[in-house]
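Enquirer: Below is upload.pdb; it holds PDB, C-alpha atoms.
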MODEL        1
ATOM      1  CA  MET Y   1      95.307 149.064 105.528
ATOM      2  CA  GLU Y   2      94.559 145.419 104.875
ATOM      3  CA  GLU Y   3      95.091 143.971 101.411
ATOM      4  CA  LYS Y   4      92.188 142.603  99.411
ATOM      5  CA  ARG Y   5      91.784 138.843  99.259
ATOM      6  CA  THR Y   6      93.144 137.109  96.187
ATOM      7  CA  ILE Y   7      92.523 133.713  94.623
ATOM      8  CA  PHE Y   8      95.570 132.460  96.564
ATOM      9  CA  ASP Y   9      93.822 133.191  99.876
ATOM     10  CA  TYR Y  10      90.901 130.987  98.796
ATOM     11  CA  LEU Y  11      93.329 128.361  97.510
ATOM     12  CA  ALA Y  12      95.009 128.377 100.934
ATOM     13  CA  GLN Y  13      91.600 127.781 102.576
ATOM     14  CA  VAL Y  14      90.895 124.857 100.194
ATOM     15  CA  LEU Y  15      94.256 123.263 100.968
ATOM     16  CA  THR Y  16      93.795 123.757 104.716
ATOM     17  CA  ILE Y  17      90.407 121.978 104.699
ATOM     18  CA  PHE Y  18      91.777 119.288 102.374
ATOM     19  CA  GLY Y  19      94.871 118.752 104.512
ATOM     20  CA  PHE Y  20      92.879 118.478 107.732
ATOM     21  CA  ALA Y  21      90.352 116.070 106.156
ATOM     22  CA  MET Y  22      93.178 113.913 104.777
ATOM     23  CA  LEU Y  23      94.830 113.770 108.189
ATOM     24  CA  VAL Y  24      91.602 112.617 109.891
ATOM     25  CA  ILE Y  25      90.738 110.107 107.143
ATOM     26  CA  ASN Y  26      94.265 108.681 107.222
ATOM     27  CA  ILE Y  27      93.998 108.150 110.975
ATOM     28  CA  PHE Y  28      90.630 106.389 110.452
ATOM     29  CA  CYS Y  29      92.254 104.400 107.656
ATOM     30  CA  LEU Y  30      95.045 103.196 109.920
ATOM     31  CA  VAL Y  31      92.620 102.231 112.695
ATOM     32  CA  PHE Y  32      89.559 100.898 110.816
ATOM     33  CA  GLY Y  33      90.872 100.495 107.232
ATOM     34  CA  ASP Y  34      91.032  96.700 107.053
ATOM     35  CA  SER Y  35      87.706  96.107 108.764
ATOM     36  CA  ALA Y  36      85.895  98.700 106.620
ATOM     37  CA  LYS Y  37      87.417  97.976 103.194
ATOM     38  CA  ASP Y  38      84.411  95.947 101.999
ATOM     39  CA  LEU Y  39      81.936  98.591 103.135
ATOM     40  CA  SER Y  40      83.464 101.838 101.934
ATOM     41  CA  ALA Y  41      85.245 102.998  98.773
ATOM     42  CA  MET Y  42      87.217 105.319 101.046
ATOM     43  CA  PHE Y  43      88.928 102.357 102.713
ATOM     44  CA  ALA Y  44      89.190 100.157  99.610
ATOM     45  CA  LEU Y  45      92.955  99.769 100.172
ATOM     46  CA  GLY Y  46      92.509  98.683 103.778
ATOM     47  CA  ASN Y  47      94.943 100.322 106.164
ATOM     48  CA  ARG Y  48      97.498 100.907 103.415
ATOM     49  CA  GLY Y  49      96.133 104.372 102.659
ATOM     50  CA  ILE Y  50      93.549 106.426 100.803
ATOM     51  CA  PRO Y  51      92.988 105.856  97.059
ATOM     52  CA  THR Y  52      94.066 108.870  94.957
ATOM     53  CA  THR Y  53      90.544 109.103  93.466
ATOM     54  CA  ILE Y  54      89.152 109.588  96.988
ATOM     55  CA  ALA Y  55      91.841 112.221  97.686
ATOM     56  CA  PHE Y  56      90.747 114.158  94.589
ATOM     57  CA  GLN Y  57      87.102 113.831  95.633
ATOM     58  CA  PHE Y  58      88.006 115.355  99.006
ATOM     59  CA  LEU Y  59      89.847 118.151  97.216
ATOM     60  CA  CYS Y  60      86.649 118.851  95.233
ATOM     61  CA  VAL Y  61      84.575 118.867  98.451
ATOM     62  CA  ALA Y  62      87.040 121.297 100.048
ATOM     63  CA  ALA Y  63      86.833 123.600  96.997
ATOM     64  CA  LEU Y  64      83.004 123.473  97.039
ATOM     65  CA  ILE Y  65      82.904 124.248 100.779
ATOM     66  CA  VAL Y  66      85.191 127.265 100.296
ATOM     67  CA  GLY Y  67      82.931 128.316  97.396
ATOM     68  CA  ALA Y  68      79.846 128.022  99.615
ATOM     69  CA  ARG Y  69      81.626 129.996 102.332
ATOM     70  CA  PHE Y  70      82.417 132.697  99.771
ATOM     71  CA  VAL Y  71      78.723 132.827  98.798
ATOM     72  CA  PHE Y  72      77.278 132.933 102.320
ATOM     73  CA  PHE Y  73      80.034 134.568 104.358
ATOM     74  CA  THR Y  74      80.905 137.533 102.179
ATOM     75  CA  ASP Y  75      78.467 140.215 101.062
ATOM     76  CA  ILE Y  76      79.626 140.105  97.445
ATOM     77  CA  LEU Y  77      76.693 137.973  96.266
ATOM     78  CA  ILE Y  78      74.312 138.196  99.230
ATOM     79  CA  LYS Y  79      74.186 141.719 100.639
ATOM     80  CA  ARG Y  80      71.932 141.602 103.659
ATOM     81  CA  MET Y  81      71.433 138.399 105.576
ATOM     82  CA  PRO Y  82      71.690 137.762 109.325
ATOM     83  CA  ILE Y  83      74.724 135.729 110.421
ATOM     84  CA  ARG Y  84      72.534 132.944 111.854
ATOM     85  CA  LEU Y  85      70.711 132.493 108.558
ATOM     86  CA  ARG Y  86      74.039 132.530 106.709
ATOM     87  CA  THR Y  87      75.325 129.801 109.060
ATOM     88  CA  VAL Y  88      72.198 127.665 108.507
ATOM     89  CA  CYS Y  89      72.479 128.074 104.713
ATOM     90  CA  LEU Y  90      76.171 127.132 104.814
ATOM     91  CA  LEU Y  91      75.417 124.096 107.006
ATOM     92  CA  ILE Y  92      72.685 122.837 104.658
ATOM     93  CA  THR Y  93      74.890 123.385 101.597
ATOM     94  CA  ILE Y  94      77.796 121.454 103.138
ATOM     95  CA  ILE Y  95      75.495 118.552 104.110
ATOM     96  CA  VAL Y  96      74.057 118.433 100.573
ATOM     97  CA  ILE Y  97      77.556 118.520  99.001
ATOM     98  CA  ILE Y  98      78.825 115.685 101.223
ATOM     99  CA  ALA Y  99      75.626 113.632 100.778
ATOM    100  CA  VAL Y 100      75.962 113.889  96.980
ATOM    101  CA  PHE Y 101      79.590 112.712  97.174
ATOM    102  CA  VAL Y 102      78.628 109.866  99.539
ATOM    103  CA  VAL Y 103      75.970 108.586  97.123
ATOM    104  CA  VAL Y 104      77.829 109.199  93.849
ATOM    105  CA  PHE Y 105      81.266 107.937  94.954
ATOM    106  CA  HIS Y 106      80.108 105.264  97.465
ATOM    107  CA  TRP Y 107      82.000 106.710 100.420
ATOM    108  CA  PHE Y 108      79.819 104.487 102.577
ATOM    109  CA  PRO Y 109      76.690 102.343 101.923
ATOM    110  CA  ALA Y 110      73.991 104.965 101.353
ATOM    111  CA  ASP Y 111      71.157 102.451 101.839
ATOM    112  CA  ARG Y 112      72.112 101.767 105.471
ATOM    113  CA  TRP Y 113      71.052 104.118 108.236
ATOM    114  CA  GLU Y 114      73.939 103.447 110.651
ATOM    115  CA  PRO Y 115      76.658 105.218 108.621
ATOM    116  CA  TRP Y 116      74.327 108.169 108.048
ATOM    117  CA  VAL Y 117      73.719 108.469 111.789
ATOM    118  CA  MET Y 118      77.479 108.320 112.410
ATOM    119  CA  PHE Y 119      78.052 110.916 109.695
ATOM    120  CA  PHE Y 120      75.473 113.309 111.145
ATOM    121  CA  VAL Y 121      76.753 112.803 114.693
ATOM    122  CA  CYS Y 122      80.395 113.451 113.692
ATOM    123  CA  PHE Y 123      79.516 116.326 111.407
ATOM    124  CA  GLY Y 124      77.063 117.834 113.918
ATOM    125  CA  LEU Y 125      79.566 117.645 116.772
ATOM    126  CA  SER Y 126      82.381 119.258 114.777
ATOM    127  CA  PHE Y 127      80.028 121.950 113.439
ATOM    128  CA  LEU Y 128      78.628 122.707 116.904
ATOM    129  CA  GLY Y 129      82.178 122.828 118.243
ATOM    130  CA  SER Y 130      83.326 125.323 115.633
ATOM    131  CA  CYS Y 131      80.127 127.404 116.109
ATOM    132  CA  PHE Y 132      80.770 127.491 119.860
ATOM    133  CA  VAL Y 133      84.366 128.641 119.360
ATOM    134  CA  MET Y 134      83.222 131.286 116.845
ATOM    135  CA  THR Y 135      80.488 132.575 119.174
ATOM    136  CA  VAL Y 136      82.827 132.808 122.155
ATOM    137  CA  LYS Y 137      85.462 134.570 120.023
ATOM    138  CA  GLU Y 138      82.857 137.035 118.696
ATOM    139  CA  ARG Y 139      81.528 137.801 122.194
ATOM    140  CA  VAL Y 140      85.030 138.400 123.564
ATOM    141  CA  GLU Y 141      85.842 140.664 120.610
ATOM    142  CA  ASN Y 142      82.586 142.643 120.993
ATOM    143  CA  LYS Y 143      83.229 143.066 124.699
ATOM    144  CA  ARG Y 144      86.789 144.282 124.073
ATOM    145  CA  MET Y 145      85.582 146.772 121.458
ATOM    146  CA  GLU Y 146      82.811 148.121 123.715
ATOM    147  CA  GLU Y 147      85.274 148.480 126.563
ATOM    148  CA  ALA Y 148      87.796 150.270 124.324
ATOM    149  CA  LEU Y 149      85.062 152.595 123.045
ATOM    150  CA  ARG Y 150      84.007 153.437 126.593
ATOM    151  CA  ARG Y 151      87.626 154.240 127.529
ATOM    152  CA  LEU Y 152      88.082 156.402 124.417
ATOM    153  CA  LYS Y 153      84.888 158.355 125.146
ATOM    154  CA  GLU Y 154      85.934 158.900 128.747
ATOM    155  CA  LYS Y 155      89.378 160.052 127.634
ATOM    156  CA  GLU Y 156      87.923 162.542 125.143
ATOM    157  CA  GLU Y 157      85.351 163.770 127.687
ATOM    158  CA  ASN Y 158      88.139 164.414 130.188
ATOM    159  CA  ALA Y 159      90.217 166.212 127.558
ATOM    160  CA  LYS Y 160      87.401 168.756 126.942
TER     161      LYS Y 160
ATOM    162  CA  MET D   1      96.011 186.547  96.504
ATOM    163  CA  LYS D   2      97.823 188.774  98.948
ATOM    164  CA  ILE D   3      98.641 187.492 102.433
ATOM    165  CA  GLU D   4      99.585 189.922 105.179
ATOM    166  CA  ILE D   5     100.665 188.833 108.628
ATOM    167  CA  TYR D   6     100.972 191.224 111.560
ATOM    168  CA  VAL D   7     102.649 190.065 114.738
ATOM    169  CA  ASP D   8     101.401 192.124 117.650
ATOM    170  CA  GLU D   9     102.407 191.076 121.161
ATOM    171  CA  ALA D  10      99.520 193.069 122.593
ATOM    172  CA  ALA D  11      96.913 191.068 120.632
ATOM    173  CA  GLU D  12      94.656 189.062 122.964
ATOM    174  CA  ASP D  13      93.369 186.610 120.420
ATOM    175  CA  LEU D  14      94.206 185.442 116.909
ATOM    176  CA  GLN D  15      92.328 187.650 114.469
ATOM    177  CA  ILE D  16      91.957 186.842 110.798
ATOM    178  CA  SER D  17      90.242 189.190 108.369
ATOM    179  CA  VAL D  18      89.544 188.323 104.758
ATOM    180  CA  THR D  19      88.975 191.016 102.167
ATOM    181  CA  CYS D  20      87.517 189.915  98.853
ATOM    182  CA  LYS D  21      85.496 191.311  95.984
ATOM    183  CA  GLN D  22      82.866 188.620  96.375
ATOM    184  CA  LEU D  23      82.294 185.289  98.169
ATOM    185  CA  THR D  24      83.529 182.799  95.587
ATOM    186  CA  PRO D  25      83.542 179.023  96.318
ATOM    187  CA  ASP D  26      87.318 179.234  96.871
ATOM    188  CA  VAL D  27      86.896 181.961  99.492
ATOM    189  CA  GLU D  28      84.111 179.996 101.163
ATOM    190  CA  LYS D  29      86.351 176.929 101.291
ATOM    191  CA  LEU D  30      89.130 179.001 102.856
ATOM    192  CA  LEU D  31      86.709 180.342 105.470
ATOM    193  CA  ALA D  32      85.387 176.850 106.148
ATOM    194  CA  THR D  33      88.938 175.600 106.763
ATOM    195  CA  LEU D  34      89.563 178.467 109.189
ATOM    196  CA  ARG D  35      86.291 177.782 110.988
ATOM    197  CA  MET D  36      87.249 174.160 111.428
ATOM    198  CA  MET D  37      90.070 175.330 113.704
ATOM    199  CA  ASN D  38      87.296 176.760 115.834
ATOM    200  CA  ARG D  39      85.575 173.344 115.933
ATOM    201  CA  GLN D  40      82.971 174.552 113.483
ATOM    202  CA  LEU D  41      82.074 173.281 110.042
ATOM    203  CA  THR D  42      80.338 175.217 107.303
ATOM    204  CA  ALA D  43      77.546 173.269 105.655
ATOM    205  CA  ARG D  44      74.740 173.985 103.259
ATOM    206  CA  LYS D  45      71.067 173.098 103.463
ATOM    207  CA  GLY D  46      69.044 174.287 100.534
ATOM    208  CA  ASP D  47      70.176 177.810  99.774
ATOM    209  CA  GLU D  48      71.254 178.556 103.326
ATOM    210  CA  ILE D  49      74.679 178.165 104.859
ATOM    211  CA  TYR D  50      74.948 176.885 108.437
ATOM    212  CA  LEU D  51      77.759 176.848 110.939
ATOM    213  CA  LEU D  52      77.767 173.453 112.619
ATOM    214  CA  ASP D  53      79.456 172.676 115.868
ATOM    215  CA  ILE D  54      81.704 169.653 115.137
ATOM    216  CA  ALA D  55      80.431 167.912 118.286
ATOM    217  CA  GLN D  56      76.932 167.840 116.745
ATOM    218  CA  ILE D  57      78.037 165.719 113.785
ATOM    219  CA  ILE D  58      77.257 162.006 113.980
ATOM    220  CA  TYR D  59      78.714 160.902 110.663
ATOM    221  CA  ILE D  60      79.496 162.068 107.142
ATOM    222  CA  GLU D  61      78.554 160.143 104.039
ATOM    223  CA  SER D  62      79.890 160.547 100.536
ATOM    224  CA  VAL D  63      77.415 159.871  97.728
ATOM    225  CA  ASP D  64      78.296 160.584  94.101
ATOM    226  CA  ARG D  65      81.235 162.805  95.146
ATOM    227  CA  LYS D  66      78.976 164.878  97.376
ATOM    228  CA  CYS D  67      79.370 164.844 101.142
ATOM    229  CA  PHE D  68      76.369 164.779 103.446
ATOM    230  CA  ILE D  69      76.714 165.651 107.106
ATOM    231  CA  TYR D  70      74.338 163.897 109.490
ATOM    232  CA  THR D  71      73.409 165.399 112.843
ATOM    233  CA  SER D  72      70.730 163.997 115.133
ATOM    234  CA  LYS D  73      68.041 166.083 113.419
ATOM    235  CA  GLU D  74      69.240 167.360 110.066
ATOM    236  CA  ILE D  75      71.248 166.465 106.989
ATOM    237  CA  TYR D  76      73.543 169.094 105.475
ATOM    238  CA  GLU D  77      75.780 169.149 102.437
ATOM    239  CA  SER D  78      79.456 170.043 102.591
ATOM    240  CA  GLU D  79      81.547 171.615  99.869
ATOM    241  CA  PHE D  80      84.517 169.520 100.974
ATOM    242  CA  ARG D  81      85.337 166.069  99.640
ATOM    243  CA  LEU D  82      85.384 163.142 102.075
ATOM    244  CA  TYR D  83      89.192 162.819 102.031
ATOM    245  CA  GLU D  84      89.515 166.539 102.854
ATOM    246  CA  LEU D  85      87.073 166.220 105.756
ATOM    247  CA  GLU D  86      88.888 163.088 106.918
ATOM    248  CA  ARG D  87      92.190 164.979 107.029
ATOM    249  CA  GLN D  88      90.730 168.012 108.781
ATOM    250  CA  LEU D  89      88.476 166.220 111.262
ATOM    251  CA  GLU D  90      90.834 163.421 112.279
ATOM    252  CA  GLU D  91      92.109 165.354 115.294
ATOM    253  CA  TYR D  92      88.525 165.958 116.455
ATOM    254  CA  GLY D  93      87.759 162.260 116.861
ATOM    255  CA  PHE D  94      86.515 161.374 113.384
ATOM    256  CA  PHE D  95      87.492 158.133 111.709
ATOM    257  CA  ARG D  96      87.099 156.801 108.161
ATOM    258  CA  VAL D  97      85.355 153.406 108.296
ATOM    259  CA  SER D  98      84.711 152.770 104.596
ATOM    260  CA  LYS D  99      85.068 154.402 101.207
ATOM    261  CA  SER D 100      81.888 156.392 101.846
ATOM    262  CA  PHE D 101      81.693 156.965 105.595
ATOM    263  CA  LEU D 102      83.505 159.124 108.119
ATOM    264  CA  ILE D 103      82.172 158.643 111.633
ATOM    265  CA  HIS D 104      82.440 160.624 114.850
ATOM    266  CA  LEU D 105      83.803 158.183 117.431
ATOM    267  CA  GLN D 106      82.011 160.033 120.235
ATOM    268  CA  SER D 107      78.690 159.321 118.496
ATOM    269  CA  ILE D 108      79.132 155.551 118.373
ATOM    270  CA  GLN D 109      76.481 153.759 120.386
ATOM    271  CA  SER D 110      77.742 150.207 119.942
ATOM    272  CA  LEU D 111      80.151 148.046 117.974
ATOM    273  CA  LYS D 112      79.624 144.475 116.828
ATOM    274  CA  ALA D 113      81.850 142.078 114.912
ATOM    275  CA  ASP D 114      80.272 141.252 111.559
ATOM    276  CA  ILE D 115      80.990 138.663 108.854
ATOM    277  CA  ASN D 116      84.294 138.675 107.019
ATOM    278  CA  ARG D 117      86.117 140.674 109.729
ATOM    279  CA  LYS D 118      83.907 143.723 109.255
ATOM    280  CA  ILE D 119      82.469 145.757 112.131
ATOM    281  CA  ARG D 120      78.828 146.831 112.416
ATOM    282  CA  VAL D 121      78.801 150.296 113.980
ATOM    283  CA  THR D 122      75.553 151.606 115.448
ATOM    284  CA  MET D 123      75.533 155.387 115.724
ATOM    285  CA  SER D 124      73.689 157.460 118.333
ATOM    286  CA  ASN D 125      70.860 158.166 115.853
ATOM    287  CA  GLY D 126      70.305 154.418 115.406
ATOM    288  CA  GLU D 127      71.892 154.299 111.948
ATOM    289  CA  GLN D 128      74.027 151.221 111.292
ATOM    290  CA  ILE D 129      77.247 151.655 109.346
ATOM    291  CA  ILE D 130      79.505 148.819 108.242
ATOM    292  CA  ALA D 131      83.211 149.367 108.765
ATOM    293  CA  SER D 132      84.716 147.569 105.783
ATOM    294  CA  ARG D 133      87.465 144.977 106.174
ATOM    295  CA  GLN D 134      90.057 147.451 104.861
ATOM    296  CA  TYR D 135      89.262 149.941 107.620
ATOM    297  CA  ALA D 136      88.092 147.635 110.461
ATOM    298  CA  ASP D 137      91.613 146.876 111.664
ATOM    299  CA  GLY D 138      92.407 150.596 111.668
ATOM    300  CA  LEU D 139      89.292 151.252 113.751
ATOM    301  CA  LYS D 140      90.317 148.577 116.258
ATOM    302  CA  LYS D 141      93.784 150.133 116.409
ATOM    303  CA  ARG D 142      92.277 153.581 116.958
ATOM    304  CA  LEU D 143      90.158 152.173 119.793
ATOM    305  CA  GLY D 144      93.221 150.481 121.270
ATOM    306  CA  VAL D 145      91.903 146.934 120.867
ATOM    307  CA  ILE D 146      94.906 145.772 118.795
TER     308      ILE D 146
ENDMDL
END
Take the structure in the file and give it back as structure tokens.

Expert:
Amino acid sequence: MEEKRTIFDYLAQVLTIFGFAMLVINIFCLVFGDSAKDLSAMFALGNRGIPTTIAFQFLCVAALIVGARFVFFTDILIKRMPIRLRTVCLLITIIVIIAVFVVVFHWFPADRWEPWVMFFVCFGLSFLGSCFVMTVKERVENKRMEEALRRLKEKEENAK
Amino acid sequence: MKIEIYVDEAAEDLQISVTCKQLTPDVEKLLATLRMMNRQLTARKGDEIYLLDIAQIIYIESVDRKCFIYTSKEIYESEFRLYELERQLEEYGFFRVSKSFLIHLQSIQSLKADINRKIRVTMSNGEQIIASRQYADGLKKRLGVI
């Protein structure tokens, strides 16, 4: 029997998202840091690294995303909701969270449309990618379960 | 309670006779356990007692410590608790999928992965039962998926 999830499981999810985001941002920082330091608070130190304040802001975003995932992808708070609607709600929540952080902490100039387009393209592509992987995984799992059920029924029919 | 056992090599079939002053709940439970060996389950509907063929059962639900047996047409009540039924019916292809549900694997129509590693099980009567995360892995193991 599987153990129930604890706070440490959620903490592990937060740190995984945070770690991955830090890795990507650090790569961007190394490549575009110097050229983007006047435009974005994220790259204020040029290619020398990410300011600690930004790191903490990313940690907060990661915690909020895990919180949103807990709300929409468990049935503790929302009992009956189709998976597609849950995914849409999660997507909207994540966009709102990031947009608030962009505006409040000046991650990039909020009054210019180009960074927003880039943000939506990057975010959209990564979200579509993860949705595709999830869908494929779910289909394969459903197929395997149906196949196993068919075999079990046949086996029990033959045993009669 | 007195138990007498006669071994007779000439006996064609196993024969069990119960002698009692009256049919108390304990005696009825004993008889129900014996009947289960014959792939039959004693269940109540209203004031009447029915003998159900185990193959007829689609699933069993526990509500407020009472167990309800669902067939394609009727709902019956069992005097057994869910954990007792689970133990006795396991060898007949029944599987516990949550704290409240025991399902007959032969009566599953389809299986679908649900959120949070749960499994949505659709039974032959169209009823959908969620196999909770605690039991979903066990169900997959029972099916031979993992």

Enquirer: Take atom CA of Asp137 of chain D and atom CA of Leu111 of chain D and report the distance between them in Å, one decimal.

Expert: 13.1 Å

Enquirer: Give me, as CSV, each residue of chain D that comes within 8 Å of chain Y, together with its shortest interatomic pair and the distance in Å at one decimal, counting all atoms listed in the file, with rows ordered by chain and rising residue number.

Expert:
residue,atom,partner,partner_atom,distance
D:Leu105,CA,Y:Lys153,CA,7.8
D:Gln106,CA,Y:Lys153,CA,5.9
D:Ser110,CA,Y:Glu146,CA,6.7
D:Leu111,CA,Y:Glu146,CA,6.3
D:Lys112,CA,Y:Asn142,CA,5.4
D:Ala113,CA,Y:Asn142,CA,6.2
D:Asp114,CA,Y:Ile83,CA,7.9
D:Ile115,CA,Y:Phe73,CA,6.2
D:Asn116,CA,Y:Thr74,CA,6.0
D:Arg133,CA,Y:Glu2,CA,7.2
D:Gln134,CA,Y:Glu2,CA,4.9
D:Tyr135,CA,Y:Met1,CA,6.5
D:Asp137,CA,Y:Met1,CA,7.5
D:Gly138,CA,Y:Met1,CA,7.0
D:Lys140,CA,Y:Met145,CA,7.3
D:Leu143,CA,Y:Ala148,CA,5.5
D:Gly144,CA,Y:Ala148,CA,6.2
D:Val145,CA,Y:Ala148,CA,6.3

Enquirer: Counting all atoms listed in the file, which of D:Gln88, D:Thr24, D:Asn125, D:Ser17 gets nearest to Glu74 of chain D?

Expert: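 Smallest separation from Glu74 of chain D among the options: D:Asn125.
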
Enquirer: So how far away is atom CA of Val97 of chain D from atom CA of Ala131 of chain D, in Å?

Expert: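 Between atom CA of Ala131 of chain D and atom CA of Val97 of chain D the gap is 4.6 Å.
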
Enquirer: Selected by the PyMOL selection byres ((chain Y and resi 30-39) around 10) in the shown coordinates: which residues, as a ChimeraX atom specification?

Expert: /Y:25-29,40-50,106-109

Enquirer: Keeping only C-alpha atoms, take the residues you just selected and write them out as a PDB file, in the frame of the given file.

Expert:
ATOM      1  CA  ILE Y  25      90.738 110.107 107.143  1.00  0.00           C
ATOM      2  CA  ASN Y  26      94.265 108.681 107.222  1.00  0.00           C
ATOM      3  CA  ILE Y  27      93.998 108.150 110.975  1.00  0.00           C
ATOM      4  CA  PHE Y  28      90.630 106.389 110.452  1.00  0.00           C
ATOM      5  CA  CYS Y  29      92.254 104.400 107.656  1.00  0.00           C
ATOM      6  CA  SER Y  40      83.464 101.838 101.934  1.00  0.00           C
ATOM      7  CA  ALA Y  41      85.245 102.998  98.773  1.00  0.00           C
ATOM      8  CA  MET Y  42      87.217 105.319 101.046  1.00  0.00           C
ATOM      9  CA  PHE Y  43      88.928 102.357 102.713  1.00  0.00           C
ATOM     10  CA  ALA Y  44      89.190 100.157  99.610  1.00  0.00           C
ATOM     11  CA  LEU Y  45      92.955  99.769 100.172  1.00  0.00           C
ATOM     12  CA  GLY Y  46      92.509  98.683 103.778  1.00  0.00           C
ATOM     13  CA  ASN Y  47      94.943 100.322 106.164  1.00  0.00           C
ATOM     14  CA  ARG Y  48      97.498 100.907 103.415  1.00  0.00           C
ATOM     15  CA  GLY Y  49      96.133 104.372 102.659  1.00  0.00           C
ATOM     16  CA  ILE Y  50      93.549 106.426 100.803  1.00  0.00           C
ATOM     17  CA  HIS Y 106      80.108 105.264  97.465  1.00  0.00           C
ATOM     18  CA  TRP Y 107      82.000 106.710 100.420  1.00  0.00           C
ATOM     19  CA  PHE Y 108      79.819 104.487 102.577  1.00  0.00           C
ATOM     20  CA  PRO Y 109      76.690 102.343 101.923  1.00  0.00           C
TER      21      PRO Y 109
END

Enquirer: Can you give me, as a VMD selection string, the residues this file yields under the PyMOL selection byres ((chain D and resi 83) around 12)?

Expert: chain D and resid 60 to 62 65 to 67 79 to 82 84 to 90 94 to 102
